[in-house]
Each structure stands twice: as C-alpha cells, then as structure tokens.
>>> print(open('upload10.txt').read())   # compact mmCIF, C-alpha atoms and all ligand atoms
# COMPACT_ATOMS: atom_id res chain seq x y z
CA MET A 1 0.00 0.00 0.00
CA LYS A 2 1.20 3.49 -0.82
CA GLN A 3 1.12 5.82 2.15
CA LEU A 4 -0.51 9.25 1.96
CA ASN A 5 0.40 11.69 4.70
CA VAL A 6 -2.64 13.65 5.84
CA ALA A 7 -2.84 16.98 7.67
CA ILE A 8 -6.20 17.85 9.20
CA ILE A 9 -7.09 21.45 9.98
CA GLY A 10 -9.81 21.72 12.64
CA TYR A 11 -10.91 19.41 15.43
CA GLY A 12 -14.64 19.95 15.83
CA PHE A 13 -17.52 17.65 14.92
CA MET A 14 -16.18 17.11 11.40
CA GLY A 15 -12.59 16.76 12.61
CA ARG A 16 -13.79 13.77 14.62
CA ALA A 17 -15.88 12.32 11.78
CA HIS A 18 -12.95 12.55 9.34
CA SER A 19 -10.41 11.23 11.86
CA ASN A 20 -12.59 8.18 12.41
CA ALA A 21 -12.66 7.64 8.64
CA TYR A 22 -8.86 7.82 8.31
CA ARG A 23 -8.48 5.33 11.15
CA LYS A 24 -10.90 2.75 9.79
CA VAL A 25 -10.93 3.00 6.01
CA ASN A 26 -8.21 0.38 5.38
CA ASN A 27 -9.85 -2.03 7.82
CA PHE A 28 -12.95 -2.27 5.66
CA PHE A 29 -11.86 -1.43 2.12
CA ASP A 30 -9.11 -3.01 0.07
CA LEU A 31 -7.29 0.05 -1.23
CA ALA A 32 -4.01 0.93 -2.90
CA TYR A 33 -3.55 3.89 -0.54
CA GLN A 34 -3.23 4.08 3.21
CA PRO A 35 -3.77 7.47 4.86
CA VAL A 36 -1.25 8.27 7.58
CA MET A 37 -2.60 10.58 10.28
CA LYS A 38 0.46 12.81 10.29
CA VAL A 39 -0.48 16.17 11.80
CA ALA A 40 -3.49 17.97 13.24
CA SER A 41 -3.73 21.73 13.32
CA ALA A 42 -6.02 24.19 15.11
CA ARG A 43 -5.65 27.36 17.12
CA GLN A 44 -6.14 26.16 20.70
CA ALA A 45 -3.11 24.08 21.69
CA ASP A 46 -4.60 22.27 24.70
CA GLN A 47 -7.75 21.15 22.89
CA LEU A 48 -5.73 20.28 19.80
CA ASP A 49 -3.38 18.06 21.80
CA ALA A 50 -6.30 16.26 23.42
CA PHE A 51 -7.96 15.75 20.03
CA ALA A 52 -4.75 14.44 18.46
CA ALA A 53 -4.07 12.07 21.35
CA ASN A 54 -7.62 10.73 21.27
CA TRP A 55 -7.72 10.07 17.54
CA GLY A 56 -4.10 9.13 16.89
CA TRP A 57 -2.71 12.12 15.00
CA GLN A 58 1.08 11.83 15.25
CA GLU A 59 1.88 15.52 15.64
CA THR A 60 0.18 18.85 16.29
CA ASP A 61 0.89 22.37 15.13
CA THR A 62 -1.16 25.48 15.89
CA ASP A 63 0.05 27.15 12.68
CA TRP A 64 -1.92 25.76 9.73
CA ARG A 65 0.24 27.72 7.26
CA ARG A 66 3.34 25.86 8.35
CA VAL A 67 1.47 22.56 8.10
CA VAL A 68 0.22 23.23 4.57
CA GLU A 69 3.76 24.07 3.42
CA ARG A 70 5.28 20.84 4.76
CA PRO A 71 6.82 18.83 1.90
CA ASP A 72 5.94 15.53 3.61
CA ILE A 73 2.19 16.28 3.57
CA ASP A 74 0.22 14.87 0.63
CA VAL A 75 -3.39 15.63 1.63
CA VAL A 76 -4.79 18.68 3.41
CA ASP A 77 -8.19 18.02 5.00
CA ILE A 78 -10.07 21.20 5.89
CA CYS A 79 -12.55 20.93 8.79
CA ALA A 80 -12.11 24.53 9.94
CA PRO A 81 -15.14 26.88 9.93
CA ASN A 82 -16.41 28.05 6.55
CA ASN A 83 -14.76 31.48 6.63
CA MET A 84 -11.33 29.79 6.62
CA HIS A 85 -11.89 27.49 3.63
CA LEU A 86 -10.78 30.07 1.05
CA GLU A 87 -7.49 30.92 2.71
CA ILE A 88 -6.52 27.38 3.68
CA ALA A 89 -7.60 25.69 0.46
CA SER A 90 -5.90 28.40 -1.66
CA ALA A 91 -2.66 27.89 0.25
CA ALA A 92 -2.96 24.10 -0.01
CA ALA A 93 -3.61 24.33 -3.76
CA ALA A 94 -0.61 26.65 -4.22
CA ALA A 95 1.50 24.13 -2.29
CA GLY A 96 0.35 21.38 -4.69
CA LYS A 97 -1.59 19.35 -2.13
CA ILE A 98 -4.52 17.01 -2.64
CA ILE A 99 -7.43 18.68 -0.82
CA ALA A 100 -10.44 17.27 1.01
CA CYS A 101 -12.68 20.09 2.22
CA GLU A 102 -15.80 20.08 4.40
CA LYS A 103 -19.03 21.44 2.96
CA PRO A 104 -20.08 24.05 2.07
CA LEU A 105 -17.16 24.79 -0.23
CA ALA A 106 -16.98 28.45 0.72
CA MET A 107 -18.82 31.43 2.20
CA ASP A 108 -20.41 32.24 -1.15
CA ALA A 109 -20.09 31.53 -4.87
CA ALA A 110 -17.51 34.26 -5.47
CA GLU A 111 -15.15 32.59 -3.00
CA GLY A 112 -16.10 29.18 -4.36
CA GLN A 113 -15.08 30.20 -7.87
CA ARG A 114 -11.67 31.34 -6.62
CA LEU A 115 -11.21 27.89 -5.10
CA VAL A 116 -12.29 26.11 -8.26
CA ASP A 117 -9.71 28.18 -10.17
CA ALA A 118 -7.03 27.47 -7.56
CA VAL A 119 -7.45 23.68 -7.72
CA ALA A 120 -7.68 23.78 -11.51
CA ALA A 121 -4.30 25.56 -11.57
CA SER A 122 -2.78 23.01 -9.20
CA GLY A 123 -4.16 20.06 -11.17
CA LYS A 124 -4.35 17.97 -7.97
CA PRO A 125 -7.36 15.83 -6.99
CA ASN A 126 -9.84 17.44 -4.64
CA MET A 127 -13.11 16.55 -2.98
CA VAL A 128 -15.80 18.04 -0.78
CA TRP A 129 -17.28 15.91 1.98
CA PHE A 130 -20.91 15.75 0.92
CA ASN A 131 -21.10 12.55 2.94
CA TYR A 132 -24.79 11.82 2.42
CA ARG A 133 -24.11 10.67 -1.14
CA ARG A 134 -22.40 7.75 0.62
CA VAL A 135 -25.43 6.61 2.62
CA PRO A 136 -26.09 3.19 1.02
CA ALA A 137 -29.83 3.88 0.70
CA ILE A 138 -29.17 7.22 -1.04
CA ALA A 139 -26.66 5.55 -3.36
CA LEU A 140 -29.30 2.90 -4.07
CA ALA A 141 -31.85 5.62 -4.89
CA LYS A 142 -29.33 7.08 -7.34
CA GLN A 143 -28.84 3.61 -8.88
CA ILE A 144 -32.60 3.16 -9.27
CA VAL A 145 -32.95 6.58 -10.93
CA ASP A 146 -29.95 5.95 -13.21
CA GLU A 147 -31.32 2.55 -14.22
CA GLY A 148 -34.39 4.36 -15.53
CA ARG A 149 -36.71 2.54 -13.13
CA ILE A 150 -38.74 5.62 -12.17
CA GLY A 151 -38.64 7.05 -15.69
CA ARG A 152 -39.09 10.70 -16.49
CA VAL A 153 -38.91 12.71 -13.25
CA PHE A 154 -41.76 15.12 -12.49
CA HIS A 155 -41.17 16.03 -8.86
CA TYR A 156 -38.32 16.33 -6.37
CA ARG A 157 -39.43 17.01 -2.79
CA SER A 158 -36.87 17.68 -0.11
CA ARG A 159 -36.72 18.78 3.51
CA TYR A 160 -33.89 19.05 5.98
CA LEU A 161 -35.14 19.69 9.50
CA GLN A 162 -33.44 20.18 12.87
CA ASP A 163 -34.51 21.84 16.14
CA TRP A 164 -31.39 22.80 18.06
CA THR A 165 -31.66 26.60 17.86
CA ILE A 166 -35.25 27.03 19.07
CA SER A 167 -34.23 28.34 22.49
CA ALA A 168 -33.44 32.06 22.53
CA ASP A 169 -30.83 31.19 25.19
CA VAL A 170 -28.58 29.39 22.69
CA PRO A 171 -25.64 31.77 22.26
CA LEU A 172 -23.92 32.59 19.00
CA GLY A 173 -20.32 32.22 17.79
CA GLY A 174 -17.26 30.79 19.49
CA ASN A 175 -15.85 27.35 18.90
CA THR A 176 -19.10 25.43 18.81
CA LEU A 177 -21.80 27.84 17.65
CA TRP A 178 -20.10 29.56 14.72
CA ARG A 179 -22.83 28.18 12.44
CA LEU A 180 -25.08 30.92 13.85
CA ASP A 181 -22.58 33.69 13.05
CA LYS A 182 -22.97 34.79 9.43
CA SER A 183 -19.49 36.30 9.30
CA VAL A 184 -18.09 32.80 9.93
CA SER A 185 -20.67 30.52 8.30
CA GLY A 186 -21.69 32.61 5.28
CA SER A 187 -25.35 31.71 5.75
CA GLY A 188 -27.65 29.70 7.99
CA VAL A 189 -29.59 26.63 6.97
CA THR A 190 -29.07 27.39 3.28
CA GLY A 191 -25.32 26.76 3.29
CA ASP A 192 -25.31 24.30 6.17
CA LEU A 193 -28.26 22.01 5.47
CA LEU A 194 -29.79 22.86 2.10
CA ALA A 195 -26.32 22.52 0.56
CA HIS A 196 -26.62 18.80 1.36
CA SER A 197 -30.13 18.65 -0.13
CA ILE A 198 -29.10 20.54 -3.26
CA ASP A 199 -26.01 18.38 -3.75
CA THR A 200 -28.08 15.20 -3.45
CA ALA A 201 -30.81 16.53 -5.75
CA MET A 202 -28.47 17.66 -8.52
CA TRP A 203 -26.54 14.38 -8.25
CA MET A 204 -29.81 12.49 -8.64
CA ILE A 205 -31.54 14.40 -11.41
CA GLY A 206 -29.24 17.10 -12.81
CA PRO A 207 -28.81 20.87 -12.64
CA ILE A 208 -31.26 23.36 -11.15
CA ALA A 209 -32.29 26.09 -13.59
CA SER A 210 -34.22 28.60 -11.44
CA VAL A 211 -35.33 29.21 -7.87
CA ALA A 212 -37.79 31.30 -5.85
CA ALA A 213 -37.31 31.42 -2.10
CA THR A 214 -38.28 32.77 1.27
CA THR A 215 -36.21 32.85 4.47
CA GLU A 216 -36.86 33.78 8.10
CA THR A 217 -34.76 34.63 11.13
CA PHE A 218 -36.96 33.74 14.11
CA ILE A 219 -34.65 34.81 16.95
CA LYS A 220 -33.34 38.25 16.10
CA GLU A 221 -30.72 38.67 18.84
CA ARG A 222 -28.47 36.28 20.73
CA GLU A 223 -25.76 36.47 23.34
CA LEU A 224 -22.19 35.93 22.15
CA GLN A 225 -20.76 32.60 23.34
CA ASP A 226 -17.34 34.15 23.87
CA ASP A 227 -18.60 37.38 25.46
CA PRO A 228 -21.53 36.53 27.76
CA GLY A 229 -23.80 39.52 28.32
CA LYS A 230 -23.07 41.03 24.91
CA ARG A 231 -26.01 40.61 22.55
CA VAL A 232 -25.73 40.84 18.77
CA THR A 233 -28.13 40.78 15.83
CA VAL A 234 -28.60 37.34 14.27
CA GLU A 235 -28.00 37.62 10.53
CA ILE A 236 -28.34 34.04 9.34
CA ASP A 237 -31.39 32.41 7.78
CA ASP A 238 -32.90 30.24 10.52
CA ALA A 239 -35.27 28.71 7.98
CA CYS A 240 -35.51 28.67 4.21
CA ALA A 241 -38.04 27.28 1.77
CA PHE A 242 -37.58 27.39 -1.96
CA LEU A 243 -39.19 26.29 -5.18
CA ALA A 244 -36.98 25.11 -8.00
CA ARG A 245 -37.20 24.12 -11.61
CA PHE A 246 -34.64 21.63 -12.91
CA ALA A 247 -33.04 21.97 -16.33
CA GLY A 248 -34.48 18.53 -17.13
CA GLY A 249 -38.03 19.78 -16.59
CA ALA A 250 -38.78 18.50 -13.07
CA MET A 251 -40.15 20.86 -10.45
CA ALA A 252 -39.12 20.80 -6.82
CA THR A 253 -39.72 22.02 -3.29
CA PHE A 254 -36.95 22.32 -0.72
CA GLU A 255 -37.43 23.25 2.93
CA SER A 256 -34.98 23.58 5.78
CA THR A 257 -35.15 24.85 9.34
CA ARG A 258 -33.55 24.50 12.74
CA TYR A 259 -36.95 25.18 14.34
CA ALA A 260 -38.82 21.93 13.66
CA ARG A 261 -39.39 20.77 17.24
CA GLY A 262 -38.64 17.05 17.50
CA ARG A 263 -36.79 16.79 14.20
CA LYS A 264 -33.12 16.19 15.02
CA ASN A 265 -31.61 15.52 11.62
CA GLU A 266 -34.43 14.74 9.23
CA ASN A 267 -32.89 14.75 5.78
CA TYR A 268 -35.79 13.63 3.59
CA PHE A 269 -36.35 13.46 -0.13
CA GLU A 270 -38.87 11.90 -2.47
CA ILE A 271 -38.63 11.67 -6.24
CA ASN A 272 -41.73 10.99 -8.31
CA GLY A 273 -41.32 9.74 -11.85
CA GLU A 274 -43.57 8.46 -14.59
CA LYS A 275 -42.92 4.81 -13.74
CA GLY A 276 -42.16 4.96 -10.03
CA SER A 277 -40.96 6.85 -6.98
CA VAL A 278 -38.23 6.66 -4.34
CA ALA A 279 -38.33 8.13 -0.83
CA PHE A 280 -35.61 8.42 1.83
CA ASN A 281 -35.38 9.76 5.39
CA LEU A 282 -32.02 9.90 7.16
CA GLU A 283 -33.73 9.24 10.48
CA ASN A 284 -34.35 5.69 9.14
CA ALA A 285 -31.12 5.64 7.17
CA HIS A 286 -31.01 1.96 6.27
CA GLU A 287 -34.40 2.06 4.52
CA LEU A 288 -35.40 3.19 1.05
CA GLY A 289 -38.99 3.54 -0.07
CA TYR A 290 -39.55 2.40 -3.66
CA PHE A 291 -42.76 2.22 -5.67
CA THR A 292 -42.89 0.83 -9.17
CA HIS A 293 -45.92 0.98 -11.43
CA ASP A 294 -44.42 -1.98 -13.32
CA ASP A 295 -45.67 -4.37 -10.62
CA GLU A 296 -48.90 -6.21 -11.41
CA GLY A 297 -51.86 -4.14 -10.26
CA HIS A 298 -52.87 -6.32 -7.34
CA LEU A 299 -49.29 -6.29 -5.98
CA ARG A 300 -48.60 -2.61 -6.43
CA GLY A 301 -47.53 -0.74 -3.31
CA TRP A 302 -44.61 1.01 -1.65
CA ARG A 303 -41.73 -1.33 -0.81
CA ASN A 304 -39.56 -0.60 2.15
CA ILE A 305 -36.15 -1.85 1.05
CA GLN A 306 -33.81 -2.62 3.96
CA VAL A 307 -30.51 -1.52 2.47
CA TRP A 308 -28.28 -3.94 4.34
CA ASP A 309 -27.58 -6.74 1.91
CA SER A 310 -24.21 -7.31 0.28
CA ASP A 311 -25.53 -6.41 -3.17
CA HIS A 312 -26.53 -2.94 -1.95
CA PRO A 313 -24.07 -0.06 -2.43
CA TYR A 314 -21.10 -0.22 -0.01
CA MET A 315 -22.60 -3.02 2.07
CA GLU A 316 -20.27 -5.80 0.94
CA HIS A 317 -17.54 -3.91 2.83
CA TRP A 318 -19.41 -3.95 6.13
CA TRP A 319 -21.08 -6.56 8.30
CA VAL A 320 -23.28 -9.54 7.49
CA PRO A 321 -26.70 -8.90 5.87
CA GLY A 322 -29.14 -7.39 8.32
CA CYS A 323 -26.54 -5.40 10.25
CA SER A 324 -27.02 -1.76 9.29
CA ILE A 325 -24.35 0.93 9.28
CA GLY A 326 -24.61 4.49 10.61
CA TYR A 327 -23.72 8.15 10.18
CA GLU A 328 -19.98 7.78 10.70
CA HIS A 329 -19.73 5.12 8.01
CA THR A 330 -20.79 7.59 5.33
CA PHE A 331 -17.48 9.40 5.85
CA ILE A 332 -15.55 6.13 5.65
CA ASN A 333 -17.39 5.23 2.42
CA ALA A 334 -16.62 8.69 1.00
CA LEU A 335 -12.96 8.39 1.88
CA ALA A 336 -12.77 4.90 0.38
CA ASP A 337 -14.25 6.23 -2.85
CA PHE A 338 -11.81 9.13 -2.89
CA LEU A 339 -8.77 6.92 -2.26
CA GLY A 340 -10.02 4.47 -4.88
CA GLY A 341 -10.30 7.37 -7.32
CA LEU A 342 -6.75 8.51 -6.54
CA ALA A 343 -5.49 5.04 -7.39
CA SER A 344 -7.46 4.71 -10.61
CA GLY A 345 -7.10 8.35 -11.66
CA THR A 346 -10.86 8.78 -11.85
CA LYS A 347 -13.12 11.27 -10.13
CA THR A 348 -15.29 9.41 -7.62
CA CYS A 349 -16.54 12.07 -5.21
CA PRO A 350 -18.10 15.49 -5.50
CA ASP A 351 -15.16 17.78 -6.22
CA PHE A 352 -14.72 21.54 -5.88
CA ALA A 353 -16.49 22.13 -9.21
CA ASP A 354 -19.53 20.10 -8.09
CA ALA A 355 -19.59 21.84 -4.72
CA GLN A 356 -19.38 25.19 -6.51
CA ALA A 357 -22.47 24.29 -8.55
CA THR A 358 -24.26 23.81 -5.22
CA GLN A 359 -22.79 27.04 -3.86
CA VAL A 360 -24.14 28.92 -6.87
CA VAL A 361 -27.63 27.54 -6.16
CA CYS A 362 -27.32 28.53 -2.48
CA ASP A 363 -26.42 32.09 -3.50
CA ALA A 364 -29.34 32.21 -5.94
CA VAL A 365 -31.72 30.97 -3.23
CA LEU A 366 -30.61 33.70 -0.82
CA GLN A 367 -30.82 36.30 -3.58
CA ALA A 368 -34.30 35.13 -4.56
CA ALA A 369 -35.42 35.42 -0.93
CA ASP A 370 -33.89 38.89 -0.55
CA GLU A 371 -35.35 40.19 -3.78
CA ARG A 372 -38.65 38.25 -3.56
CA ARG A 373 -38.42 37.01 -7.14
CA TRP A 374 -37.40 34.04 -9.29
CA VAL A 375 -33.67 33.88 -10.01
CA ASP A 376 -32.36 32.03 -13.07
CA LEU A 377 -29.09 30.16 -12.91
C1 LIG B 401 -25.55 21.09 11.58
O1 LIG B 401 -26.14 20.83 12.79
C2 LIG B 401 -24.93 19.82 11.01
O2 LIG B 401 -23.93 19.36 11.86
C3 LIG B 401 -24.35 20.10 9.62
O3 LIG B 401 -23.30 21.03 9.67
C4 LIG B 401 -23.91 18.81 8.98
O4 LIG B 401 -23.42 19.03 7.69
C5 LIG B 401 -25.11 17.86 8.95
O5 LIG B 401 -24.75 16.68 8.32
C6 LIG B 401 -25.62 17.60 10.34
O6 LIG B 401 -25.95 18.84 10.91
>>> encode(input="upload10.txt", output="structure tokens", more="lines below")
Ligand code: SOE
Amino acid sequence: MKQLNVAIIGYGFMGRAHSNAYRKVNNFFDLAYQPVMKVASARQADQLDAFAANWGWQETDTDWRRVVERPDIDVVDICAPNNMHLEIASAAAAAGKIIACEKPLAMDAAEGQRLVDAVAASGKPNMVWFNYRRVPAIALAKQIVDEGRIGRVFHYRSRYLQDWTISADVPLGGNTLWRLDKSVSGSGVTGDLLAHSIDTAMWMIGPIASVAATTETFIKERELQDDPGKRVTVEIDDACAFLARFAGGAMATFESTRYARGRKNENYFEINGEKGSVAFNLENAHELGYFTHDDEGHLRGWRNIQVWDSDHPYMEHWWVPGCSIGYEHTFINALADFLGGLASGTKTCPDFADAQATQVVCDAVLQAADERRWVDL
C-alpha cells in the first residue's frame, strides 16, 4: 500500500468524523492507498493536543500555514469553519496538495469560484465531503434513478429539518456555535443544510435552472458565546423554503429549518417519476422507499427496502446482511471512494467544481429570498 500523509485542519464535529474515517478506512476497504494521520492543526493548543491524542494524530501544530507548506504532507483536510476554507484551500492548492474540504465549499459563490480556479491551476485531486451521497440507501436511490426505473422525473421534494436553535438562550459564535454567526458561516440553513439537499438533488436528477425562495430569522438577537452579556443581531437564515425548476423539466420544493421541534436531523427526499418513486429519510437511514408501477396491479404498493444486503451499495464492505451501518460510516465510504479514485485516476466524489455548482444555487436561493423574485441560474 502506498502511504498518503494527511494533515487535518480543525478538530470539531467534522474533525472527529474525518479522523474516524482515516483510522478505519483500510480495515474495511481493500485500497491501494493508506492514509497516515500525520499532523493535526487548530488554534487552541490544549484542545488540539487532546484531540490528536484521542484520535491518533502523530503531531500537532497550531500554525496551519506551516502545516500546509510541509513537503511531507500529501493531503490537506479542511474541517475549519467556513470562513477559513478560502485561505486554507488556496494555500494548499498553491503548495500542490490534494485537498479534502468540508461542505459548504466556501462562504459564497464568489469565494467558491476562486477555489475552483485554484485547484484547476494546481491540477491535484480534490473533494468536498458531501457525505450523504455515501449513505447506502441514497446511493441505491441514485442507482434506481440511473437505471431508468422511475422514468421521467416530475417532482423532487426535499426537507432538511433540525430543532437545536429554538431556544433564545442558545448563544452565537465561538468554537461550537459559529454556524449561527454569518461572518463565519456565510449563511444559515441554506449553506449548512440545504447545501446537502441541493447536492443530493443535482446528483440524482441534474442541474437546477431557477429558484424562488423565502427565508426567516426567528430569533433576532443572541448572546455571544465568547462574550456573555453582549447581545448581537442574528444575521443568518434560521429557515428557508424554496421552489426550484430543474433543467431537465422537473419541479421541486426544498425546505430547511432548525426550528422543527422534535426533528433532530431529518434529511428527507422523495422523487416521483412516470414509472415509479423513491423516498428516503435519514432518520431511518437503512431504509429506502420504492414504488414501481411496473408491478402487477394487485401487488402494487410502496416497498420498504432494507438496504443492508451485500448487493446494496457499499454493504459488501461492512457486516453480514441485516446489520445496518450508521452516520460515521458515510465518511468512511466517501474516503474509500476518494482513495479508490486517486489510485485509478478517476473522479469518484463530489469535487470543488460540483460543490461550486451547489454554492451557486445557495447564492441564488438567498438572492431570490432577498429580492422576492425568481432567479435564473
Ligand atoms: C448542523 O447541525 C450539522 O452538523 C451540519 O453542519 C452537517 O453538515 C449535517 O450533516 C448535520 O448537521
């Protein structure tokens, strides 16, 4: 196996999810490459050291610039907050590194385009961790659509619902709540959650041609996490709903909020075609709903496919049939695809250009909401 030295920048939720993937990927997938967890970088030395010790990163460095310049580093993995993606990924591209970047690609499409140009100039492989493409049931939905089993698509229906910001006492900013600070996140649910939905939708049925949207910020002021007592205006979209028309002719609805009491991470979509439909909900991640009109009339009905057999996407790499896999495995599957692509020289994961297409839609959605009109892409 060829070794690939990895540097990870950031140690939050995604830092942990990616670290777990680097640790396990060669245990489950037969690959030509083996990632070596060389160095972890973040600003706060004590927390960084604890993170590195827990996950097995060999070294730490609080200066990401020094890390990115190291000649022994092959891959730079960016898990830092969104407002740092541009600077870190640009430096990594200039240093000729392979880049794996968390979603969304950037703060907005202007930044995203600069990153697409930077990786094009470097010519090195790159990917963005839209991990939900690697949920076996979502990959199976894609297979069913690609096999033509649902036929011409009329409708795409999507919602991504959470409830963790309902309390007005949740502060904003700092290490853990930067997603609520627009200057760090770029946007609210649009960039954070709808980016997943848009990526999945365009992967399934092609590009989005136009959007009309509405957004809301329910809690207008919050206390700063790092400066208790100081209150600031909340600028992110707490909720967003948009209509879309796909270039292929399908119409769509997308909804996202962090104010759906009881919904923790409901990432749902349904696709209705001429011959059939598929439906998926991340809260029952090992199941895929499938309806086919091809069945004989008296047998017609929604099937609930348990996606845990070895002929389902990814599942031959995991346990015996009937043993489902979970959230963390989607990152391992994504990494396995990426490493497989590096070995074969083929693109296997959403790359910066794909993520930029999503970023452009996110920008158009926010513009449509601001200007209360349809925006063409
Ligand atoms: C937000 O709560 C969040 O962690 C997103 O940032 C992730 O991308 C999503 O997968 C789960 O929810």
>>> closest_residue(input="upload10.txt", among="A:Ala364, A:Ile144, A:Val135, A:Leu86", to="ligand LIG 401 (chain B)", atoms="only C-alpha atoms and all ligand atoms")
A:Val135
>>> residues_near_ligand(input="upload10.txt", ligand="ligand LIG 401 (chain B)", cutoff="7 Å", atoms="only C-alpha atoms and all ligand atoms", output="VMD selection string")
chain A and resid 103 192 to 193 265
>>> closest_residue(input="upload10.txt", among="A:Arg231, A:Arg245, A:Lys182, A:Arg152", to="Trp374 (chain A)", atoms="only C-alpha atoms")
A:Arg245
>>> atom_distance(input="upload10.txt", atom1="CA of Phe291 (chain A)", atom2="CA of Leu194 (chain A)")
25.6 Å
>>> closest_residue(input="upload10.txt", among="A:Ser183, A:Asn333, A:Ser158, A:Thr233", to="Ala201 (chain A)", atoms="all atoms listed in the file")
A:Ser158
>>> atom_distance(input="upload10.txt", atom1="CA of Ala92 (chain A)", atom2="CA of Val39 (chain A)")
14.4 Å
>>> atom_distance(input="upload10.txt", atom1="CA of Trp57 (chain A)", atom2="CA of Ala40 (chain A)")
6.2 Å
>>> closest_residue(input="upload10.txt", among="A:Ala336, A:Leu224, A:Cys362, A:Ala121", to="Asp237 (chain A)", atoms="only C-alpha atoms")
A:Cys362
>>> closest_residue(input="upload10.txt", among="A:Lys24, A:Arg159, A:Arg66, A:Lys142", to="Ile332 (chain A)", atoms="all atoms listed in the file")
A:Lys24
>>> closest_residue(input="upload10.txt", among="A:Asp199, A:Asp376, A:Asp63, A:Glu216", to="Arg133 (chain A)", atoms="only C-alpha atoms")
A:Asp199
>>> residues_around(input="upload10.txt", residues="Glu255 (chain A)", least_positions_apart="5", cutoff="10 Å", atoms="all atoms listed in the file", output="list in words")
Arg157, Ser158, Arg159, Tyr160, Leu161, Val189, Thr190, Leu193, Leu194, Ser197, Ala213, Thr214, Thr215, Ala239, Cys240, Ala241, Phe242, Leu243 and Tyr268 of chain A
>>> axis_aligned_box(input="upload10.txt", around="region 139-143 of chain A", padding_each_side="6 Å", output="lines of an AutoDock Vina configuration file")
center_x = -29.3
center_y = 5.0
center_z = -6.1
size_x = 17.2
size_y = 16.2
size_z = 17.5
>>> residues_around(input="upload10.txt", residues="Ser277 (chain A)", least_positions_apart="4", cutoff="7 Å", atoms="only C-alpha atoms", output="list of chain:residue names")
A:Ile150, A:Ile271, A:Asn272, A:Gly273, A:Tyr290, A:Phe291, A:Thr292
>>> residues_around(input="upload10.txt", residues="Ile205 (chain A)", least_positions_apart="2", cutoff="9 Å", atoms="all atoms listed in the file", output="list in words")
Lys142, Val145, Asp146, Val153, Tyr156, Thr200, Ala201, Met202, Trp203, Pro207, Ile208, Phe246, Gly248 and Ala250 of chain A
>>> residues_around(input="upload10.txt", residues="Gly341 (chain A)", least_positions_apart="6", cutoff="12 Å", atoms="only C-alpha atoms", output="list in words")
Leu31, Ala32, Tyr33, Pro125, Asn126, Met127, Ala334, Leu335, Lys347, Thr348, Cys349, Pro350 and Asp351 of chain A
